[in-house]
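For reference, run.cif (mmCIF, C-alpha atoms):
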data_data
loop_
_atom_site.group_PDB
_atom_site.id
_atom_site.type_symbol
_atom_site.label_atom_id
_atom_site.label_comp_id
_atom_site.auth_asym_id
_atom_site.auth_seq_id
_atom_site.Cartn_x
_atom_site.Cartn_y
_atom_site.Cartn_z
ATOM 1 C CA MET A 2 -57.143 27.607 16.209
ATOM 2 C CA ARG A 3 -53.879 28.852 14.954
ATOM 3 C CA ALA A 4 -50.592 27.160 15.955
ATOM 4 C CA ALA A 5 -47.988 29.354 17.629
ATOM 5 C CA LYS A 6 -44.766 29.856 15.671
ATOM 6 C CA ALA A 7 -41.787 28.620 17.675
ATOM 7 C CA PHE A 8 -38.582 26.659 17.317
ATOM 8 C CA THR A 9 -38.686 23.028 18.181
ATOM 9 C CA LEU A 10 -36.242 21.499 20.649
ATOM 10 C CA VAL A 11 -34.490 19.673 17.788
ATOM 11 C CA GLU A 12 -33.945 22.914 15.853
ATOM 12 C CA ILE A 13 -32.476 24.613 18.919
ATOM 13 C CA LEU A 14 -30.154 21.668 19.552
ATOM 14 C CA ILE A 15 -28.931 21.790 15.944
ATOM 15 C CA VAL A 16 -28.129 25.511 16.234
ATOM 16 C CA VAL A 17 -26.273 24.955 19.528
ATOM 17 C CA MET A 18 -24.256 22.131 17.965
ATOM 18 C CA LEU A 19 -23.350 24.287 14.964
ATOM 19 C CA LEU A 20 -22.201 27.107 17.262
ATOM 20 C CA GLY A 21 -20.102 24.599 19.205
ATOM 21 C CA VAL A 22 -18.417 23.364 16.016
ATOM 22 C CA LEU A 23 -17.699 26.938 14.909
ATOM 23 C CA ALA A 24 -16.213 27.763 18.318
ATOM 24 C CA ALA A 25 -14.017 24.648 18.158
ATOM 25 C CA VAL A 26 -12.619 25.875 14.831
ATOM 26 C CA VAL A 27 -12.229 29.570 15.678
ATOM 27 C CA ILE A 28 -10.744 29.437 19.201
ATOM 28 C CA PRO A 29 -7.549 27.525 18.259
ATOM 29 C CA ALA A 30 -7.037 29.832 15.250
ATOM 30 C CA VAL A 31 -7.240 32.893 17.498
ATOM 31 C CA ALA A 32 -4.820 31.318 19.978
ATOM 32 C CA ARG A 33 -2.357 30.537 17.153
ATOM 33 C CA SER A 34 -2.497 34.119 15.913
ATOM 34 C CA GLY A 35 -1.039 35.343 19.218
ATOM 35 C CA THR A 36 1.776 32.802 19.014
ATOM 36 C CA ASN A 37 2.429 33.703 15.377
ATOM 37 C CA ALA A 38 2.653 37.389 16.305
ATOM 38 C CA ARG A 39 5.223 36.656 19.041
ATOM 39 C CA GLU A 40 7.252 34.481 16.646
ATOM 40 C CA THR A 41 7.235 37.254 14.040
ATOM 41 C CA ALA A 42 8.307 39.789 16.677
ATOM 42 C CA LEU A 43 11.121 37.433 17.756
ATOM 43 C CA ALA A 44 12.427 37.145 14.188
ATOM 44 C CA SER A 45 12.248 40.927 13.786
ATOM 45 C CA ASP A 46 14.064 41.583 17.070
ATOM 46 C CA VAL A 47 16.841 39.110 16.207
ATOM 47 C CA ALA A 48 17.287 40.835 12.838
ATOM 48 C CA LEU A 49 17.412 44.240 14.588
ATOM 49 C CA LEU A 50 20.070 43.047 17.032
ATOM 50 C CA ARG A 51 22.133 41.491 14.232
ATOM 51 C CA ARG A 52 22.048 44.767 12.280
ATOM 52 C CA PHE A 53 23.072 46.673 15.405
ATOM 53 C CA VAL A 54 26.042 44.334 15.955
ATOM 54 C CA MET A 55 27.176 44.703 12.325
ATOM 55 C CA VAL A 56 26.881 48.500 12.258
ATOM 56 C CA TYR A 57 28.464 48.946 15.688
ATOM 57 C CA THR A 58 31.379 46.669 14.739
ATOM 58 C CA SER A 59 32.012 48.567 11.509
ATOM 59 C CA HIS A 60 32.011 51.915 13.387
ATOM 60 C CA HIS A 61 34.309 50.750 16.181
ATOM 61 C CA LEU A 62 37.543 49.513 14.616
ATOM 62 C CA GLU A 63 36.013 46.055 13.981
ATOM 63 C CA VAL A 64 35.447 45.472 17.716
ATOM 64 C CA ALA A 65 31.987 44.084 18.540
ATOM 65 C CA PRO A 66 29.800 45.521 21.299
ATOM 66 C CA GLY A 67 30.030 44.021 24.776
ATOM 67 C CA TYR A 68 33.667 44.679 25.547
ATOM 68 C CA PRO A 69 34.098 47.274 28.343
ATOM 69 C CA ASN A 70 35.658 50.440 26.876
ATOM 70 C CA GLY A 71 35.977 48.628 23.539
ATOM 71 C CA ASP A 72 38.852 46.449 24.804
ATOM 72 C CA PRO A 73 38.569 43.051 23.039
ATOM 73 C CA THR A 74 40.981 41.502 25.550
ATOM 74 C CA ALA A 75 38.585 42.289 28.417
ATOM 75 C CA GLU A 76 35.792 39.958 29.478
ATOM 76 C CA PRO A 77 32.586 40.987 27.656
ATOM 77 C CA THR A 78 29.652 41.998 29.852
ATOM 78 C CA ASN A 79 25.916 42.497 29.514
ATOM 79 C CA GLY A 80 26.297 46.013 30.934
ATOM 80 C CA ALA A 81 28.857 47.038 28.307
ATOM 81 C CA PHE A 82 26.642 45.603 25.549
ATOM 82 C CA VAL A 83 23.605 47.559 26.773
ATOM 83 C CA ASP A 84 25.584 50.792 27.196
ATOM 84 C CA GLN A 85 27.181 50.517 23.767
ATOM 85 C CA ALA A 86 23.764 49.921 22.211
ATOM 86 C CA THR A 87 21.857 52.675 24.015
ATOM 87 C CA LEU A 88 24.433 55.424 24.622
ATOM 88 C CA SER A 89 26.714 57.417 22.351
ATOM 89 C CA SER A 90 30.226 56.107 21.855
ATOM 90 C CA ASN A 91 33.572 57.056 20.405
ATOM 91 C CA ALA A 92 35.561 55.005 17.895
ATOM 92 C CA ARG A 93 37.264 53.101 20.737
ATOM 93 C CA GLY A 94 33.923 51.945 22.192
ATOM 94 C CA GLN A 95 33.850 54.161 25.262
ATOM 95 C CA THR A 96 30.339 55.419 26.052
ATOM 96 C CA ALA A 97 28.795 58.691 27.189
ATOM 97 C CA ALA A 98 25.414 60.380 27.206
ATOM 98 C CA ALA A 99 23.965 61.280 23.831
ATOM 99 C CA GLY A 100 25.312 64.582 22.552
ATOM 100 C CA THR A 101 28.630 64.400 24.426
ATOM 101 C CA ALA A 102 31.435 65.957 22.363
ATOM 102 C CA GLY A 103 33.748 63.374 20.816
ATOM 103 C CA PHE A 104 31.186 60.572 21.124
ATOM 104 C CA ASN A 105 29.870 60.663 17.576
ATOM 105 C CA PHE A 106 28.413 57.158 17.212
ATOM 106 C CA GLY A 107 25.068 55.908 18.454
ATOM 107 C CA PRO A 108 22.883 55.482 20.252
ATOM 108 C CA TYR A 109 21.958 52.558 18.043
ATOM 109 C CA LEU A 110 18.936 51.336 20.004
ATOM 110 C CA SER A 111 16.617 53.038 22.480
ATOM 111 C CA ARG A 112 16.693 49.847 24.559
ATOM 112 C CA ILE A 113 17.537 46.163 24.235
ATOM 113 C CA PRO A 114 14.373 44.510 22.920
ATOM 114 C CA VAL A 115 12.484 42.212 25.244
ATOM 115 C CA ASN A 116 12.410 38.676 23.895
ATOM 116 C CA PRO A 117 8.685 38.272 23.118
ATOM 117 C CA LEU A 118 8.624 34.567 23.982
ATOM 118 C CA ASN A 119 10.301 34.651 27.406
ATOM 119 C CA ASN A 120 9.870 38.353 28.327
ATOM 120 C CA GLN A 121 13.552 38.871 29.148
ATOM 121 C CA ASP A 122 15.926 41.523 27.827
ATOM 122 C CA THR A 123 19.204 40.367 29.354
ATOM 123 C CA VAL A 124 22.084 39.258 27.159
ATOM 124 C CA HIS A 125 24.148 36.196 28.064
ATOM 125 C CA MET A 126 27.694 36.985 26.931
ATOM 126 C CA VAL A 127 29.758 34.060 25.646
ATOM 127 C CA LEU A 128 33.352 34.682 26.699
ATOM 128 C CA ASN A 129 36.281 34.731 24.289
ATOM 129 C CA GLY A 130 37.503 31.208 23.645
ATOM 130 C CA ASP A 131 34.264 29.615 24.876
ATOM 131 C CA SER A 132 32.012 27.736 22.484
ATOM 132 C CA PHE A 133 28.605 29.083 21.639
ATOM 133 C CA PRO A 134 26.029 27.018 23.580
ATOM 134 C CA ALA A 135 24.674 24.073 21.594
ATOM 135 C CA ALA A 136 21.152 24.865 22.811
ATOM 136 C CA ALA A 137 19.178 27.550 24.593
ATOM 137 C CA ASP A 138 18.482 27.331 28.320
ATOM 138 C CA GLY A 139 15.801 30.050 28.462
ATOM 139 C CA ASN A 140 17.516 32.028 31.246
ATOM 140 C CA HIS A 141 18.151 35.201 29.196
ATOM 141 C CA GLY A 142 16.538 37.092 26.380
ATOM 142 C CA TRP A 143 19.506 36.758 24.045
ATOM 143 C CA ILE A 144 22.851 34.959 23.727
ATOM 144 C CA PHE A 145 25.762 36.885 22.166
ATOM 145 C CA LYS A 146 29.351 35.974 21.402
ATOM 146 C CA PRO A 147 31.296 39.175 20.685
ATOM 147 C CA GLU A 148 34.286 37.233 19.399
ATOM 148 C CA THR A 149 32.263 36.048 16.372
ATOM 149 C CA GLY A 150 29.361 38.529 16.382
ATOM 150 C CA GLU A 151 26.823 35.705 16.628
ATOM 151 C CA ILE A 152 23.586 36.511 18.447
ATOM 152 C CA ARG A 153 20.598 34.224 19.013
ATOM 153 C CA PRO A 154 17.390 34.203 21.018
ATOM 154 C CA ASP A 155 17.618 32.217 24.264
ATOM 155 C CA ASN A 156 14.396 30.285 23.740
ATOM 156 C CA LEU A 157 13.451 26.669 24.186
ATOM 157 C CA GLY A 158 10.938 25.109 21.813
ATOM 158 C CA ALA A 159 10.088 25.447 18.152
ATOM 159 C CA ASN A 160 7.473 27.009 15.925
ATOM 160 C CA GLU A 161 4.699 24.989 14.280
ATOM 161 C CA ARG A 162 6.960 24.301 11.268
ATOM 162 C CA GLY A 163 9.488 22.652 13.601
ATOM 163 C CA VAL A 164 12.125 25.417 13.415
ATOM 164 C CA ALA A 165 13.758 25.880 16.811
ATOM 165 C CA TYR A 166 13.447 29.433 18.155
ATOM 166 C CA TYR A 167 17.148 29.186 18.999
ATOM 167 C CA ASP A 168 17.862 28.897 15.255
ATOM 168 C CA TYR A 169 15.989 32.071 14.244
#

Mind converting the file's structure to structure tokens?
Amino acid sequence: MRAAKAFTLVEILIVVMLLGVLAAVVIPAVARSGTNARETALASDVALLRRFVMVYTSHHLEVAPGYPNGDPTAEPTNGAFVDQATLSSNARGQTAAAGTAGFNFGPYLSRIPVNPLNNQDTVHMVLNGDSFPAAADGNHGWIFKPETGEIRPDNLGANERGVAYYDY
């Protein structure tokens, strides 16, 4: 008689164990890749917003975005920041729809980017004379102080290298 060719129970168990070890290695790496992509997007969005602030300020008589009608004595607002980023403006910082005569600057952004780590696009405006927060609270997408032009992500936590998202 001829013996049937088949795997033994031990061989099957070894294959299952090897697959388990491979899964234990691959699954965390795949999970980290999603986090790494969001961290890279965060760094890119912060850089985009910083460039916008610099260009806008240079076009608008050295007045940063966020001040209603470009008045640096007024209280800065999220709405003014968004409008000045996404609409056309004149040299004084007043906004109008794209293509309006006399409003030759902008739009600089199509929209305020959504913070990829907390999924928010609102901007917390730090008022003139107030200190920039020492830490993020996670309640907004971004924190901006028009008086100094400083903008940061409003994220708690840090990346795997220990760099706080707030310090990006």

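Of the residues under consideration (A:Leu118, A:Leu62, A:Ala137, A:Val127), A:Val127 shows the shortest atom-to-atom contact distance to Glu76 of chain A when counting only C-alpha atoms.
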
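Atom CA of Gly142 of chain A sits 5.4 Å away from atom CA of Asp155 of chain A.
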
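Of note, atom CA of Phe145 of chain A and atom CA of Val124 of chain A are spaced 6.6 Å apart.
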
Using only C-alpha atoms, give me every residue within 12 Å of (26.2, 48.9, 21.6) in file coordinates, as a ChimeraX atom specification. /A:50-61,64-71,77-97,106-113,124,147

Selection result for the PyMOL selection byres ((chain A and resi 114-117) around 8) on this file, as an MDAnalysis selection string: chainID A and resid 39:40 42:43 46 112:113 118:122 142:143 154

Kindly export the residues of the current selection with C-alpha atoms, as an mmCIF file, keeping the file's coordinate frame.
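New file selection_13.cif:
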data_model
loop_
_atom_site.group_PDB
_atom_site.id
_atom_site.type_symbol
_atom_site.label_atom_id
_atom_site.label_comp_id
_atom_site.auth_asym_id
_atom_site.auth_seq_id
_atom_site.Cartn_x
_atom_site.Cartn_y
_atom_site.Cartn_z
ATOM 1 C CA ARG A 39 5.223 36.656 19.041
ATOM 2 C CA GLU A 40 7.252 34.481 16.646
ATOM 3 C CA ALA A 42 8.307 39.789 16.677
ATOM 4 C CA LEU A 43 11.121 37.433 17.756
ATOM 5 C CA ASP A 46 14.064 41.583 17.070
ATOM 6 C CA ARG A 112 16.693 49.847 24.559
ATOM 7 C CA ILE A 113 17.537 46.163 24.235
ATOM 8 C CA LEU A 118 8.624 34.567 23.982
ATOM 9 C CA ASN A 119 10.301 34.651 27.406
ATOM 10 C CA ASN A 120 9.870 38.353 28.327
ATOM 11 C CA GLN A 121 13.552 38.871 29.148
ATOM 12 C CA ASP A 122 15.926 41.523 27.827
ATOM 13 C CA GLY A 142 16.538 37.092 26.380
ATOM 14 C CA TRP A 143 19.506 36.758 24.045
ATOM 15 C CA PRO A 154 17.390 34.203 21.018
#

Between atom CA of Asp138 of chain A and atom CA of Tyr169 of chain A, what is the distance, to one decimal in Å? 15.1 Å

Centre, x/y/z edge lengths, axis-aligned box for segment 29-37 of chain A with 5 Å per side, as JSON:
{"center_x": -2.6, "center_y": 31.4, "center_z": 17.6, "size_x": 20.0, "size_y": 17.8, "size_z": 14.7}

Generate N, CA and C atoms for segment 129-160 of chain A and emit them as a PDB file, in the coordinates of the input.
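That gives us selection.pdb:
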ATOM      1  N   ASN A 129      35.302  35.057  25.322  1.00  0.00           N
ATOM      2  CA  ASN A 129      36.281  34.731  24.289  1.00  0.00           C
ATOM      3  C   ASN A 129      36.850  33.339  24.554  1.00  0.00           C
ATOM      4  N   GLY A 130      36.954  32.552  23.520  1.00  0.00           N
ATOM      5  CA  GLY A 130      37.503  31.208  23.645  1.00  0.00           C
ATOM      6  C   GLY A 130      36.473  30.158  24.014  1.00  0.00           C
ATOM      7  N   ASP A 131      35.319  30.574  24.537  1.00  0.00           N
ATOM      8  CA  ASP A 131      34.264  29.615  24.876  1.00  0.00           C
ATOM      9  C   ASP A 131      33.431  29.316  23.638  1.00  0.00           C
ATOM     10  N   SER A 132      32.892  28.128  23.592  1.00  0.00           N
ATOM     11  CA  SER A 132      32.012  27.736  22.484  1.00  0.00           C
ATOM     12  C   SER A 132      30.630  28.334  22.686  1.00  0.00           C
ATOM     13  N   PHE A 133      29.986  28.629  21.576  1.00  0.00           N
ATOM     14  CA  PHE A 133      28.605  29.083  21.639  1.00  0.00           C
ATOM     15  C   PHE A 133      27.778  27.911  22.158  1.00  0.00           C
ATOM     16  N   PRO A 134      26.831  28.138  23.055  1.00  0.00           N
ATOM     17  CA  PRO A 134      26.029  27.018  23.580  1.00  0.00           C
ATOM     18  C   PRO A 134      25.352  26.243  22.453  1.00  0.00           C
ATOM     19  N   ALA A 135      25.302  24.931  22.603  1.00  0.00           N
ATOM     20  CA  ALA A 135      24.674  24.073  21.594  1.00  0.00           C
ATOM     21  C   ALA A 135      23.159  24.236  21.588  1.00  0.00           C
ATOM     22  N   ALA A 136      22.602  24.699  22.709  1.00  0.00           N
ATOM     23  CA  ALA A 136      21.152  24.865  22.811  1.00  0.00           C
ATOM     24  C   ALA A 136      20.840  25.994  23.785  1.00  0.00           C
ATOM     25  N   ALA A 137      19.639  26.505  23.684  1.00  0.00           N
ATOM     26  CA  ALA A 137      19.178  27.550  24.593  1.00  0.00           C
ATOM     27  C   ALA A 137      18.857  26.939  25.953  1.00  0.00           C
ATOM     28  N   ASP A 138      18.930  27.781  27.003  1.00  0.00           N
ATOM     29  CA  ASP A 138      18.482  27.331  28.320  1.00  0.00           C
ATOM     30  C   ASP A 138      17.300  28.160  28.821  1.00  0.00           C
ATOM     31  N   GLY A 139      16.958  29.234  28.115  1.00  0.00           N
ATOM     32  CA  GLY A 139      15.801  30.050  28.462  1.00  0.00           C
ATOM     33  C   GLY A 139      16.010  31.002  29.622  1.00  0.00           C
ATOM     34  N   ASN A 140      17.255  31.181  30.085  1.00  0.00           N
ATOM     35  CA  ASN A 140      17.516  32.028  31.246  1.00  0.00           C
ATOM     36  C   ASN A 140      17.742  33.496  30.906  1.00  0.00           C
ATOM     37  N   HIS A 141      17.909  33.823  29.629  1.00  0.00           N
ATOM     38  CA  HIS A 141      18.151  35.201  29.196  1.00  0.00           C
ATOM     39  C   HIS A 141      17.274  35.496  27.986  1.00  0.00           C
ATOM     40  N   GLY A 142      17.253  36.745  27.603  1.00  0.00           N
ATOM     41  CA  GLY A 142      16.538  37.092  26.380  1.00  0.00           C
ATOM     42  C   GLY A 142      17.324  36.713  25.141  1.00  0.00           C
ATOM     43  N   TRP A 143      18.650  36.921  25.212  1.00  0.00           N
ATOM     44  CA  TRP A 143      19.506  36.758  24.045  1.00  0.00           C
ATOM     45  C   TRP A 143      20.841  36.142  24.457  1.00  0.00           C
ATOM     46  N   ILE A 144      21.507  35.501  23.512  1.00  0.00           N
ATOM     47  CA  ILE A 144      22.851  34.959  23.727  1.00  0.00           C
ATOM     48  C   ILE A 144      23.744  35.592  22.663  1.00  0.00           C
ATOM     49  N   PHE A 145      24.887  36.174  23.096  1.00  0.00           N
ATOM     50  CA  PHE A 145      25.762  36.885  22.166  1.00  0.00           C
ATOM     51  C   PHE A 145      27.210  36.510  22.416  1.00  0.00           C
ATOM     52  N   LYS A 146      27.917  36.249  21.332  1.00  0.00           N
ATOM     53  CA  LYS A 146      29.351  35.974  21.402  1.00  0.00           C
ATOM     54  C   LYS A 146      30.067  37.077  20.642  1.00  0.00           C
ATOM     55  N   PRO A 147      30.634  38.060  21.357  1.00  0.00           N
ATOM     56  CA  PRO A 147      31.296  39.175  20.685  1.00  0.00           C
ATOM     57  C   PRO A 147      32.457  38.743  19.785  1.00  0.00           C
ATOM     58  N   GLU A 148      33.136  37.706  20.162  1.00  0.00           N
ATOM     59  CA  GLU A 148      34.286  37.233  19.399  1.00  0.00           C
ATOM     60  C   GLU A 148      33.919  36.913  17.946  1.00  0.00           C
ATOM     61  N   THR A 149      32.706  36.409  17.724  1.00  0.00           N
ATOM     62  CA  THR A 149      32.263  36.048  16.372  1.00  0.00           C
ATOM     63  C   THR A 149      31.121  36.933  15.868  1.00  0.00           C
ATOM     64  N   GLY A 150      30.495  37.694  16.759  1.00  0.00           N
ATOM     65  CA  GLY A 150      29.361  38.529  16.382  1.00  0.00           C
ATOM     66  C   GLY A 150      28.045  37.773  16.297  1.00  0.00           C
ATOM     67  N   GLU A 151      28.039  36.518  16.712  1.00  0.00           N
ATOM     68  CA  GLU A 151      26.823  35.705  16.628  1.00  0.00           C
ATOM     69  C   GLU A 151      25.877  36.047  17.774  1.00  0.00           C
ATOM     70  N   ILE A 152      24.616  36.253  17.433  1.00  0.00           N
ATOM     71  CA  ILE A 152      23.586  36.511  18.447  1.00  0.00           C
ATOM     72  C   ILE A 152      22.365  35.666  18.116  1.00  0.00           C
ATOM     73  N   ARG A 153      21.773  35.089  19.164  1.00  0.00           N
ATOM     74  CA  ARG A 153      20.598  34.224  19.013  1.00  0.00           C
ATOM     75  C   ARG A 153      19.617  34.480  20.150  1.00  0.00           C
ATOM     76  N   PRO A 154      18.352  34.144  19.915  1.00  0.00           N
ATOM     77  CA  PRO A 154      17.390  34.203  21.018  1.00  0.00           C
ATOM     78  C   PRO A 154      17.627  33.035  21.977  1.00  0.00           C
ATOM     79  N   ASP A 155      17.432  33.271  23.254  1.00  0.00           N
ATOM     80  CA  ASP A 155      17.618  32.217  24.264  1.00  0.00           C
ATOM     81  C   ASP A 155      16.258  31.600  24.578  1.00  0.00           C
ATOM     82  N   ASN A 156      15.717  30.882  23.583  1.00  0.00           N
ATOM     83  CA  ASN A 156      14.396  30.285  23.740  1.00  0.00           C
ATOM     84  C   ASN A 156      14.425  28.784  23.528  1.00  0.00           C
ATOM     85  N   LEU A 157      13.694  28.088  24.366  1.00  0.00           N
ATOM     86  CA  LEU A 157      13.451  26.669  24.186  1.00  0.00           C
ATOM     87  C   LEU A 157      12.251  26.518  23.249  1.00  0.00           C
ATOM     88  N   GLY A 158      12.113  25.370  22.622  1.00  0.00           N
ATOM     89  CA  GLY A 158      10.938  25.109  21.813  1.00  0.00           C
ATOM     90  C   GLY A 158      11.137  25.447  20.347  1.00  0.00           C
ATOM     91  N   ALA A 159      10.053  25.239  19.590  1.00  0.00           N
ATOM     92  CA  ALA A 159      10.088  25.447  18.152  1.00  0.00           C
ATOM     93  C   ALA A 159       8.736  25.970  17.684  1.00  0.00           C
ATOM     94  N   ASN A 160       8.736  26.545  16.493  1.00  0.00           N
ATOM     95  CA  ASN A 160       7.473  27.009  15.925  1.00  0.00           C
ATOM     96  C   ASN A 160       6.709  25.832  15.330  1.00  0.00           C
TER      97      ASN A 160
END
